[in-house]
Amino acid sequence: MTVTTWSAKYLDPYEISDQYIDILIFVVFLCLNAVVGWKYRGKTKSFKEYAIGDKKFSTATLTATIVATWMSGSYLFTILEETYTRGLYYINAAILGNIVGLLTIARAVGPRMGRFLDCVSMPEALGKLYGKQVQVISGICCVLQSIGYIAVQFKIMAKILIIIFNYDSPAFVYLAATIVTLYSLSGGVKAVTFTDVLQFFTFGTLLPVLALTVWNNLEDHGQVAAMLKSNPHFSLKEVFQWSPEFVGMFVLFSYYILPELAPEMYQRVTMANSPTQVKHSMTWATFICSTLGLCVAWIAILVLTDHPGMRDDEVVPYLVNTHVPTGLKGFLGVGVLALAMSTADSTINSTAVITSNDVVAPLRSQKEGSLRAAKIATLFLGAFAVWLALYVKGILDIILLSACFYTPVVLVPMLLAIFGFQTSKRVVLMAMGTGAVTVTAFLIIFRNADSFFPGMLANLVVMLGAHSLLKEKGGWQPLDPTSSLALERAARKKAWRRRLQALKSFKLTPYLQQNLPVQESLYFLFGLYALVATYAAFYTIDRVNNPAYPMLAMGIYYAVLPITTALLTVPIWPKHVRKSKFMAYFWPLSIGGVLFFVGSCLTIMSDFHHMYMMIMMINLLITLLVFPGFLAFLLVFLGTTAAMVLLYATNQSAVVWSLSTLGTLEFKTTYGLLLFTSLLIVLFRSKAVYQQLVRSYELLRVDTTTAKQSFVEALHYREELLENIQVDKIEALHTIKQLQQQLEDELKSATETQKLDIFKKQINTTGKKLQKLIDHMSQALQQAQTHLHLVVDNVDLSALLDRVFSVLSKQEARFPYQVLTHQNSTQTTLQVDVDKIKQLFVEGLYYAWKHKQENYPVTLSIEDTLLGYPIASIQDYVKKVKALQIVITSAKTLPEQKDLYMGSTDGISVRIPKNSDELPLMENQQIVDAHYGVSTILEEECGITQIYVIPVRVREVRPQTMDLLHTAEGTSTLGTTIDPTEQELIGHVQKTTRVDMVLFQKAIQLAKKYHAGVTRKTGEPFYLHPIAVARILLDYTQDQDTLLAALLHDIVEDTKFSLARVALHFNTDVSKIVDGVTHLDSRLKSFKRVQLSMDENIRQLLGIKDERILYVKLADRLHNMRTIRAKSPKSQQNTTRETLLFYVPMAEKLSLTGIAEELRRLCTAVLDNPK
């Protein structure tokens, strides 16, 4: 072989214009990285988020950033140069060793990382176990290891620029390093991660394209196979013979198989949200890294085939200048730059975090690192690494040598801790020192860079030995049964038990019957395909003129015809035959026999003709689509094996000859890749189908769980209603009995004339009491029929619609249509029960599609409108709020929109479903009613039109109290405890008034019961507020109803105790006073309450003629002003201005001088001294 030396050629001046294209590609790529880094920098809330993010990264994103971090620019150069010069010695050691090392991290280390995932770095994890000294030592070793690595990546940037452009200037290196440093500085690990994703796609696309380009440039592809056979470095027999090269390969392999959690890789692991995500992302990263590594090695093999005999430093320049045209040179440079930048940014970020958190913070006695220190460290590391890469050579070598201390000093105790070994601080320090001394000794005495292995061994021996000799506490810790690894193992054991049980109970016939096609047309289609594919093969065999197996060919010719004919006619077979055991066996045997037994025979008989090789590949894909994986591969194996055995027995020489002539290397490679990728598509398609079934099952499970929970809540609610009704019924009957006794007593001494008057009076009183009971029962009935509990939250309207259509897309099988959406609303945010409104959209759309009578699409229209609510307590007033009109229809035209829809608080007429299909309409009506909206269902010839009108902000009309109706009643723990304020009020009432103390005590106990567990902003129990209001009123009135209303004035507004129950337990006057004081519009015949704004409440008070209401309102405001300092400054100012403008004049008008003066004094104090 003639060996020639290649020398770098320089660009011709006329080629400078072409070079601008490559430079432009470089600049665009750098700008794109800057934009992505800036866009995804996010707003960092804490040092931990800056270091490892918010742990919301997807598995795909984690995989991409792991690959981008692992595949460095130096790794690319090393694979190219070392594979070219050392062949399998390097491929076996580095690429295969890396696969083992990454798989070890994925499958052994990752699942055990659960307790360390909250640590931002490896030194922090060791520091939590062994103290600050170990943390600082580990941090320094990590920084020394990383800073040289960063400089190497910048050095690669400079080197690729020289090779591609002959441009020996640091300008691009400065620019690239500046961009990397700035987005690492601004956004922390989030910005680094998303730029890593961009860089991953860049070099992940470039490397296969480069390999294909070099392959196409080879004149004779057969040279590759010839070179692999003749070159001893690619001979397995030569490589695995004992030799110095073999020893070197073994040492290098030993290094690469170590699960070396470098600082930047440890950071990537801790970005995961669980050990399971670590395992999955690292497993995928292993597959991708090994694929890309083998791709680079293949490029080196192609270059070696094209031009052998070069030095290792000549490989990359020759590759670039010989095989890479203008334009692609720029992309190649961008790919190498992406490799270097993705590793450099990850290493800069992780090292800055370690510097701040594990070196600076412990020395300053801080709990964790600071963002400021991390950002300063980022700037310093970026600048120092550029300086090392461009201007310092000797120091760079020293820095790279100092990196040898990381693995022997830090990695051993960390891996032992991950695998459950823990010892004392002094043992760890002894082991670290021993590892460092051993490395130093080997570097000085033997001058061997492979000193890491003796250093690791020394660290391990000392750590285990010293722990045993010194009898330290700890040792190998048992696996926590609640850890993710233990739970995963337990789940795996259960899965194997299920498989074993399934194997024991396996019955072939039912299994095969389960895998029969659901659609009988599949039999016909398969029969047609088998007929065409088989008989087309005979023309192929004739063309290649193979004279072997004439009898076998004839047998196949006549045997396939009845089988395919039978399959073609299956749809017309008798039903009992199609469902019989015969079909369960006939179907798989037909596929295995025709596709693989006959197919394999014809493939071999055609001397592996490329057409029939393609047919066999299609056969395999069809089988994988029709049958489960295990059964499909079993049929492939049995059919192919039977064909080979039969052909070998018939004509041995022909089989041996045929199997040895599978075509050229290009043929094998092309069809091998086609088959491999096709299998991946089919397998992932099967997995996607399985995941779709899992999602559908999960949706069904959630729906079922929700339905069960609603049913349980309904049962509890029913029991509560029955209990309340029972109590209130007893109360009413007890009152009626008292009235009866009172009537009997009065009749004893009354005249005949007086008796008639007494009868009339008592009948009237009893009727009123019964009417109150009826009103309360009516409210309870409404609650039982229509009331829903709402969980109100704000939601973006567009986001809500996206969620609706996301649910519909997951239910594609039950919802196969498109919706025409007219979103004309100006509202962007809704305040509603998000889940219930989402349900309204989903169920309404599905119902409209299912019941449309003509071929019209389903239309969803959202328009702005208004909702109005008549307020009984304000004469001739309608409360108007912004609303959305939602129309779901399959009609040709939309219904006419109204400017104002009148809402009702008197209950709704729910559409009683005729069948189960109409249940969604009833549920939607209940959802709209719960939101105080209006619903209309129009049955038209072309389908159903649903009109739903809901308020934009439901809390403007539906008070939060309405959502307390489904909660359990409070149980007061204060029933036997009497506060001094309460005791003082009771004593004062007894002495100065003629109030019925039984009713008064009853009112106090109701306030304590229903306000139980609630505190005011002052910190005192809430029930003391109505007691304080009642105490204020005692100085101005002794009216019993007013004092009772004072004790109960918040019970309707803030709890689920209704106004009807107030009337039932006391009297109508008390309920009227309470109703006037609250910020709600309540009605005795409806359980619904309407929220009033502050202005509406004042309008309500202005129209009140009963002074007792105003007395309670003023006393309530006075106590609130006495405790106003517990509110926010803004709330204090608003309340004070309202008090001066409205309540002080009201008190003066009612001649309540004391209240007016105190209110004015309190307001002045707030305005003069705001807090």
# chains A, B, ... in the order shown; residues from 1 in each chain; ligands from 1

call {"tool": "select_by_dssp", "arguments": {"residues": "stretch 236-485 of chain A", "states": "strand (DSSP E)", "output": "PyMOL selection string"}}
result
chain A and resi 421-422+475-476

call {"tool": "write_last_selection", "arguments": {"atoms": "all heavy atoms", "output": "PDB file, in the first residue's frame"}}
result
ATOM      1  N   PHE A 421     -23.738   2.741  51.267  1.00  0.00           N
ATOM      2  CA  PHE A 421     -22.681   2.638  52.273  1.00  0.00           C
ATOM      3  C   PHE A 421     -22.424   4.013  52.870  1.00  0.00           C
ATOM      4  O   PHE A 421     -22.219   4.988  52.153  1.00  0.00           O
ATOM      5  CB  PHE A 421     -21.386   2.099  51.653  1.00  0.00           C
ATOM      6  CG  PHE A 421     -20.265   1.951  52.654  1.00  0.00           C
ATOM      7  CD1 PHE A 421     -20.174   0.814  53.453  1.00  0.00           C
ATOM      8  CD2 PHE A 421     -19.303   2.940  52.803  1.00  0.00           C
ATOM      9  CE1 PHE A 421     -19.155   0.672  54.376  1.00  0.00           C
ATOM     10  CE2 PHE A 421     -18.285   2.810  53.733  1.00  0.00           C
ATOM     11  CZ  PHE A 421     -18.204   1.674  54.520  1.00  0.00           C
ATOM     12  N   GLN A 422     -22.421   4.079  54.190  1.00  0.00           N
ATOM     13  CA  GLN A 422     -22.182   5.347  54.870  1.00  0.00           C
ATOM     14  C   GLN A 422     -21.263   5.111  56.055  1.00  0.00           C
ATOM     15  O   GLN A 422     -21.411   4.127  56.788  1.00  0.00           O
ATOM     16  CB  GLN A 422     -23.506   5.967  55.332  1.00  0.00           C
ATOM     17  CG  GLN A 422     -23.381   7.407  55.807  1.00  0.00           C
ATOM     18  CD  GLN A 422     -24.728   8.060  55.995  1.00  0.00           C
ATOM     19  OE1 GLN A 422     -25.732   7.603  55.448  1.00  0.00           O
ATOM     20  NE2 GLN A 422     -24.777   9.140  56.759  1.00  0.00           N
ATOM     21  N   GLY A 475     -22.055   1.755  57.768  1.00  0.00           N
ATOM     22  CA  GLY A 475     -21.879   0.582  56.920  1.00  0.00           C
ATOM     23  C   GLY A 475     -22.946   0.529  55.846  1.00  0.00           C
ATOM     24  O   GLY A 475     -23.535   1.545  55.461  1.00  0.00           O
ATOM     25  N   TRP A 476     -23.180  -0.664  55.341  1.00  0.00           N
ATOM     26  CA  TRP A 476     -24.173  -0.843  54.280  1.00  0.00           C
ATOM     27  C   TRP A 476     -25.565  -0.730  54.873  1.00  0.00           C
ATOM     28  O   TRP A 476     -25.942  -1.487  55.760  1.00  0.00           O
ATOM     29  CB  TRP A 476     -23.995  -2.196  53.601  1.00  0.00           C
ATOM     30  CG  TRP A 476     -22.690  -2.307  52.872  1.00  0.00           C
ATOM     31  CD1 TRP A 476     -21.574  -2.961  53.284  1.00  0.00           C
ATOM     32  CD2 TRP A 476     -22.366  -1.721  51.612  1.00  0.00           C
ATOM     33  NE1 TRP A 476     -20.558  -2.830  52.361  1.00  0.00           N
ATOM     34  CE2 TRP A 476     -21.026  -2.074  51.320  1.00  0.00           C
ATOM     35  CE3 TRP A 476     -23.063  -0.941  50.700  1.00  0.00           C
ATOM     36  CZ2 TRP A 476     -20.381  -1.660  50.161  1.00  0.00           C
ATOM     37  CZ3 TRP A 476     -22.432  -0.527  49.547  1.00  0.00           C
ATOM     38  CH2 TRP A 476     -21.105  -0.881  49.281  1.00  0.00           C
TER      39      TRP A 476
END

call {"tool": "select_by_dssp", "arguments": {"residues": "stretch 42-88 of chain A", "states": "alpha helix (DSSP H)", "output": "count of residues only"}}
result
33

call {"tool": "residues_around", "arguments": {"residues": "stretch 426-430 of chain A", "least_positions_apart": "5", "cutoff": "12 Å", "atoms": "only C-alpha atoms", "output": "PDB file with N, CA and C atoms, in the first residue's frame"}}
result
ATOM      1  N   LEU A 126     -22.432  15.104  49.446  1.00  0.00           N
ATOM      2  CA  LEU A 126     -21.412  14.583  50.369  1.00  0.00           C
ATOM      3  C   LEU A 126     -21.343  15.428  51.632  1.00  0.00           C
ATOM      4  N   GLY A 127     -21.550  16.745  51.503  1.00  0.00           N
ATOM      5  CA  GLY A 127     -21.515  17.618  52.671  1.00  0.00           C
ATOM      6  C   GLY A 127     -22.637  17.309  53.648  1.00  0.00           C
ATOM      7  N   LEU A 129     -23.845  14.448  54.162  1.00  0.00           N
ATOM      8  CA  LEU A 129     -23.511  13.182  54.815  1.00  0.00           C
ATOM      9  C   LEU A 129     -22.328  13.311  55.759  1.00  0.00           C
ATOM     10  N   TYR A 130     -21.308  14.105  55.352  1.00  0.00           N
ATOM     11  CA  TYR A 130     -20.024  14.080  56.073  1.00  0.00           C
ATOM     12  C   TYR A 130     -19.520  15.443  56.515  1.00  0.00           C
ATOM     13  N   GLY A 131     -20.250  16.505  56.306  1.00  0.00           N
ATOM     14  CA  GLY A 131     -19.842  17.787  56.842  1.00  0.00           C
ATOM     15  C   GLY A 131     -19.215  18.726  55.826  1.00  0.00           C
ATOM     16  N   LYS A 132     -18.938  19.972  56.305  1.00  0.00           N
ATOM     17  CA  LYS A 132     -18.476  21.039  55.428  1.00  0.00           C
ATOM     18  C   LYS A 132     -17.089  20.771  54.859  1.00  0.00           C
ATOM     19  N   GLN A 133     -16.190  20.163  55.641  1.00  0.00           N
ATOM     20  CA  GLN A 133     -14.838  19.937  55.129  1.00  0.00           C
ATOM     21  C   GLN A 133     -14.872  19.058  53.880  1.00  0.00           C
ATOM     22  N   VAL A 134     -15.617  17.982  53.948  1.00  0.00           N
ATOM     23  CA  VAL A 134     -15.746  17.094  52.791  1.00  0.00           C
ATOM     24  C   VAL A 134     -16.401  17.840  51.637  1.00  0.00           C
ATOM     25  N   GLN A 135     -17.384  18.694  51.941  1.00  0.00           N
ATOM     26  CA  GLN A 135     -18.060  19.457  50.896  1.00  0.00           C
ATOM     27  C   GLN A 135     -17.097  20.402  50.188  1.00  0.00           C
ATOM     28  N   VAL A 136     -16.260  21.104  50.951  1.00  0.00           N
ATOM     29  CA  VAL A 136     -15.324  22.061  50.350  1.00  0.00           C
ATOM     30  C   VAL A 136     -14.267  21.335  49.519  1.00  0.00           C
ATOM     31  N   ILE A 137     -13.709  20.230  50.061  1.00  0.00           N
ATOM     32  CA  ILE A 137     -12.705  19.464  49.311  1.00  0.00           C
ATOM     33  C   ILE A 137     -13.295  18.943  48.007  1.00  0.00           C
ATOM     34  N   SER A 138     -14.480  18.404  48.090  1.00  0.00           N
ATOM     35  CA  SER A 138     -15.139  17.891  46.885  1.00  0.00           C
ATOM     36  C   SER A 138     -15.409  19.019  45.899  1.00  0.00           C
ATOM     37  N   VAL A 409     -10.778  10.984  44.213  1.00  0.00           N
ATOM     38  CA  VAL A 409     -11.051  11.644  45.491  1.00  0.00           C
ATOM     39  C   VAL A 409     -12.546  11.730  45.778  1.00  0.00           C
ATOM     40  N   VAL A 410     -13.354  12.136  44.803  1.00  0.00           N
ATOM     41  CA  VAL A 410     -14.762  12.467  45.034  1.00  0.00           C
ATOM     42  C   VAL A 410     -15.694  11.325  44.655  1.00  0.00           C
ATOM     43  N   LEU A 411     -15.424  10.668  43.517  1.00  0.00           N
ATOM     44  CA  LEU A 411     -16.399   9.740  42.957  1.00  0.00           C
ATOM     45  C   LEU A 411     -16.617   8.509  43.839  1.00  0.00           C
ATOM     46  N   VAL A 412     -15.533   7.988  44.453  1.00  0.00           N
ATOM     47  CA  VAL A 412     -15.653   6.748  45.236  1.00  0.00           C
ATOM     48  C   VAL A 412     -16.607   6.907  46.414  1.00  0.00           C
ATOM     49  N   PRO A 413     -16.410   7.895  47.306  1.00  0.00           N
ATOM     50  CA  PRO A 413     -17.376   8.023  48.420  1.00  0.00           C
ATOM     51  C   PRO A 413     -18.793   8.325  47.959  1.00  0.00           C
ATOM     52  N   MET A 414     -18.938   9.040  46.820  1.00  0.00           N
ATOM     53  CA  MET A 414     -20.281   9.354  46.332  1.00  0.00           C
ATOM     54  C   MET A 414     -20.981   8.094  45.841  1.00  0.00           C
ATOM     55  N   LEU A 416     -20.354   5.003  46.684  1.00  0.00           N
ATOM     56  CA  LEU A 416     -20.639   4.145  47.845  1.00  0.00           C
ATOM     57  C   LEU A 416     -21.879   4.651  48.582  1.00  0.00           C
ATOM     58  N   ALA A 417     -22.016   5.977  48.709  1.00  0.00           N
ATOM     59  CA  ALA A 417     -23.198   6.531  49.379  1.00  0.00           C
ATOM     60  C   ALA A 417     -24.463   6.226  48.589  1.00  0.00           C
ATOM     61  N   PHE A 421     -23.738   2.741  51.267  1.00  0.00           N
ATOM     62  CA  PHE A 421     -22.681   2.638  52.273  1.00  0.00           C
ATOM     63  C   PHE A 421     -22.424   4.013  52.870  1.00  0.00           C
ATOM     64  N   GLY A 435      -6.435   8.636  48.303  1.00  0.00           N
ATOM     65  CA  GLY A 435      -6.614   8.681  46.860  1.00  0.00           C
ATOM     66  C   GLY A 435      -5.786   9.768  46.222  1.00  0.00           C
ATOM     67  N   ALA A 436      -5.764  10.968  46.836  1.00  0.00           N
ATOM     68  CA  ALA A 436      -4.986  12.079  46.287  1.00  0.00           C
ATOM     69  C   ALA A 436      -3.495  11.778  46.315  1.00  0.00           C
ATOM     70  N   VAL A 437      -3.011  11.218  47.425  1.00  0.00           N
ATOM     71  CA  VAL A 437      -1.578  10.891  47.539  1.00  0.00           C
ATOM     72  C   VAL A 437      -1.183   9.831  46.521  1.00  0.00           C
ATOM     73  N   ALA A 458      -7.125   2.727  45.899  1.00  0.00           N
ATOM     74  CA  ALA A 458      -6.626   3.087  47.228  1.00  0.00           C
ATOM     75  C   ALA A 458      -7.732   3.729  48.067  1.00  0.00           C
ATOM     76  N   ASN A 459      -8.510   4.635  47.460  1.00  0.00           N
ATOM     77  CA  ASN A 459      -9.618   5.284  48.164  1.00  0.00           C
ATOM     78  C   ASN A 459     -10.622   4.245  48.649  1.00  0.00           C
ATOM     79  N   LEU A 460     -10.977   3.302  47.785  1.00  0.00           N
ATOM     80  CA  LEU A 460     -11.970   2.282  48.125  1.00  0.00           C
ATOM     81  C   LEU A 460     -11.476   1.385  49.259  1.00  0.00           C
ATOM     82  N   VAL A 461     -10.188   0.931  49.149  1.00  0.00           N
ATOM     83  CA  VAL A 461      -9.639   0.027  50.168  1.00  0.00           C
ATOM     84  C   VAL A 461      -9.578   0.715  51.516  1.00  0.00           C
ATOM     85  N   VAL A 462      -9.098   1.954  51.547  1.00  0.00           N
ATOM     86  CA  VAL A 462      -8.979   2.676  52.819  1.00  0.00           C
ATOM     87  C   VAL A 462     -10.360   2.949  53.411  1.00  0.00           C
ATOM     88  N   MET A 463     -11.307   3.318  52.570  1.00  0.00           N
ATOM     89  CA  MET A 463     -12.630   3.654  53.087  1.00  0.00           C
ATOM     90  C   MET A 463     -13.311   2.438  53.711  1.00  0.00           C
ATOM     91  N   LEU A 464     -13.291   1.317  53.009  1.00  0.00           N
ATOM     92  CA  LEU A 464     -13.910   0.111  53.563  1.00  0.00           C
ATOM     93  C   LEU A 464     -13.102  -0.453  54.714  1.00  0.00           C
ATOM     94  N   GLY A 465     -11.754  -0.458  54.545  1.00  0.00           N
ATOM     95  CA  GLY A 465     -10.893  -1.029  55.593  1.00  0.00           C
ATOM     96  C   GLY A 465     -10.916  -0.212  56.862  1.00  0.00           C
ATOM     97  N   ALA A 466     -10.759   1.111  56.753  1.00  0.00           N
ATOM     98  CA  ALA A 466     -10.758   1.964  57.945  1.00  0.00           C
ATOM     99  C   ALA A 466     -12.104   1.916  58.655  1.00  0.00           C
ATOM    100  N   HIS A 467     -13.166   1.865  57.900  1.00  0.00           N
ATOM    101  CA  HIS A 467     -14.492   1.767  58.523  1.00  0.00           C
ATOM    102  C   HIS A 467     -14.601   0.502  59.365  1.00  0.00           C
ATOM    103  N   SER A 468     -14.071  -0.590  58.843  1.00  0.00           N
ATOM    104  CA  SER A 468     -14.142  -1.857  59.581  1.00  0.00           C
ATOM    105  C   SER A 468     -13.204  -1.869  60.778  1.00  0.00           C
ATOM    106  N   LEU A 469     -11.955  -1.399  60.559  1.00  0.00           N
ATOM    107  CA  LEU A 469     -10.967  -1.436  61.648  1.00  0.00           C
ATOM    108  C   LEU A 469     -11.324  -0.481  62.777  1.00  0.00           C
ATOM    109  N   LEU A 470     -11.844   0.681  62.422  1.00  0.00           N
ATOM    110  CA  LEU A 470     -12.183   1.670  63.442  1.00  0.00           C
ATOM    111  C   LEU A 470     -13.579   1.445  64.030  1.00  0.00           C
ATOM    112  N   LYS A 471     -14.270   0.435  63.492  1.00  0.00           N
ATOM    113  CA  LYS A 471     -15.601   0.083  63.976  1.00  0.00           C
ATOM    114  C   LYS A 471     -16.544   1.288  64.026  1.00  0.00           C
ATOM    115  N   GLU A 472     -16.564   1.977  62.890  1.00  0.00           N
ATOM    116  CA  GLU A 472     -17.424   3.156  62.795  1.00  0.00           C
ATOM    117  C   GLU A 472     -18.883   2.735  62.631  1.00  0.00           C
ATOM    118  N   LYS A 473     -19.758   3.635  63.008  1.00  0.00           N
ATOM    119  CA  LYS A 473     -21.177   3.389  62.822  1.00  0.00           C
ATOM    120  C   LYS A 473     -21.538   3.534  61.348  1.00  0.00           C
ATOM    121  N   GLY A 474     -22.595   2.894  60.958  1.00  0.00           N
ATOM    122  CA  GLY A 474     -23.043   3.012  59.577  1.00  0.00           C
ATOM    123  C   GLY A 474     -22.880   1.717  58.830  1.00  0.00           C
ATOM    124  N   GLY A 475     -22.055   1.755  57.768  1.00  0.00           N
ATOM    125  CA  GLY A 475     -21.879   0.582  56.920  1.00  0.00           C
ATOM    126  C   GLY A 475     -22.946   0.529  55.846  1.00  0.00           C
TER     127      GLY A 475
END

call {"tool": "atom_distance", "arguments": {"atom1": "atom CA of A:Val214", "atom2": "atom CA of A:Leu292"}}
result
15.7 Å

call {"tool": "residues_around", "arguments": {"residues": "A:Thr78", "least_positions_apart": "3", "cutoff": "12 Å", "atoms": "only C-alpha atoms", "output": "list in words"}}
result
Met71, Ser72, Gly73, Ser74, Tyr75, Glu81, Glu82, Thr83, Tyr84, Thr85, Arg86, Tyr90, Ile91, Ala94, Ile95, Ile156, Gly293, Val296, Ala297, Ala300, Asp312, Asp313, Val315 and Val316 of chain A

call {"tool": "residues_around", "arguments": {"residues": "A:Leu236", "least_positions_apart": "4", "cutoff": "12 Å", "atoms": "only C-alpha atoms", "output": "count of residues only"}}
result
13

call {"tool": "residues_around", "arguments": {"residues": "stretch 1018-1025 of chain A", "least_positions_apart": "3", "cutoff": "6 Å", "atoms": "only C-alpha atoms", "output": "list in words"}}
result
Ala1007, Lys1008, His1011, Val1014, Thr1015, Ala1028 and Ala1126 of chain A

call {"tool": "residues_around", "arguments": {"residues": "A:Thr1139", "least_positions_apart": "5", "cutoff": "9 Å", "atoms": "only C-alpha atoms", "output": "short mmCIF file (atom, residue, chain, number, x, y, z; two decimals) with N, CA, C and O atoms, in the first residue's frame"}}
result
data_model
loop_
_atom_site.label_atom_id
_atom_site.label_comp_id
_atom_site.auth_asym_id
_atom_site.auth_seq_id
_atom_site.Cartn_x
_atom_site.Cartn_y
_atom_site.Cartn_z
N ARG A 1117 -70.64 48.37 62.01
CA ARG A 1117 -69.56 49.21 61.48
C ARG A 1117 -68.69 49.78 62.60
O ARG A 1117 -67.46 49.89 62.46
N MET A 1121 -64.69 49.32 62.93
CA MET A 1121 -63.76 50.45 63.00
C MET A 1121 -62.87 50.36 64.23
O MET A 1121 -61.71 50.79 64.19
N ASN A 1134 -60.13 52.82 52.48
CA ASN A 1134 -61.42 52.69 51.80
C ASN A 1134 -62.57 52.62 52.80
O ASN A 1134 -63.61 53.28 52.64
N VAL A 1144 -71.50 57.87 59.25
CA VAL A 1144 -71.58 58.95 60.25
C VAL A 1144 -72.83 59.80 60.04
O VAL A 1144 -73.58 60.05 61.02
N PRO A 1145 -73.15 60.23 58.81
CA PRO A 1145 -74.42 60.96 58.63
C PRO A 1145 -75.64 60.12 58.99
O PRO A 1145 -76.64 60.67 59.52
N LEU A 1159 -67.36 57.03 65.69
CA LEU A 1159 -66.97 56.71 64.31
C LEU A 1159 -66.10 57.81 63.72
O LEU A 1159 -65.09 57.54 63.06
N ARG A 1160 -66.50 59.09 63.95
CA ARG A 1160 -65.72 60.21 63.41
C ARG A 1160 -64.32 60.23 64.03
O ARG A 1160 -63.33 60.47 63.33
N CYS A 1163 -62.23 57.40 62.53
CA CYS A 1163 -61.86 57.70 61.14
C CYS A 1163 -60.73 58.72 61.09
O CYS A 1163 -59.79 58.60 60.29
#
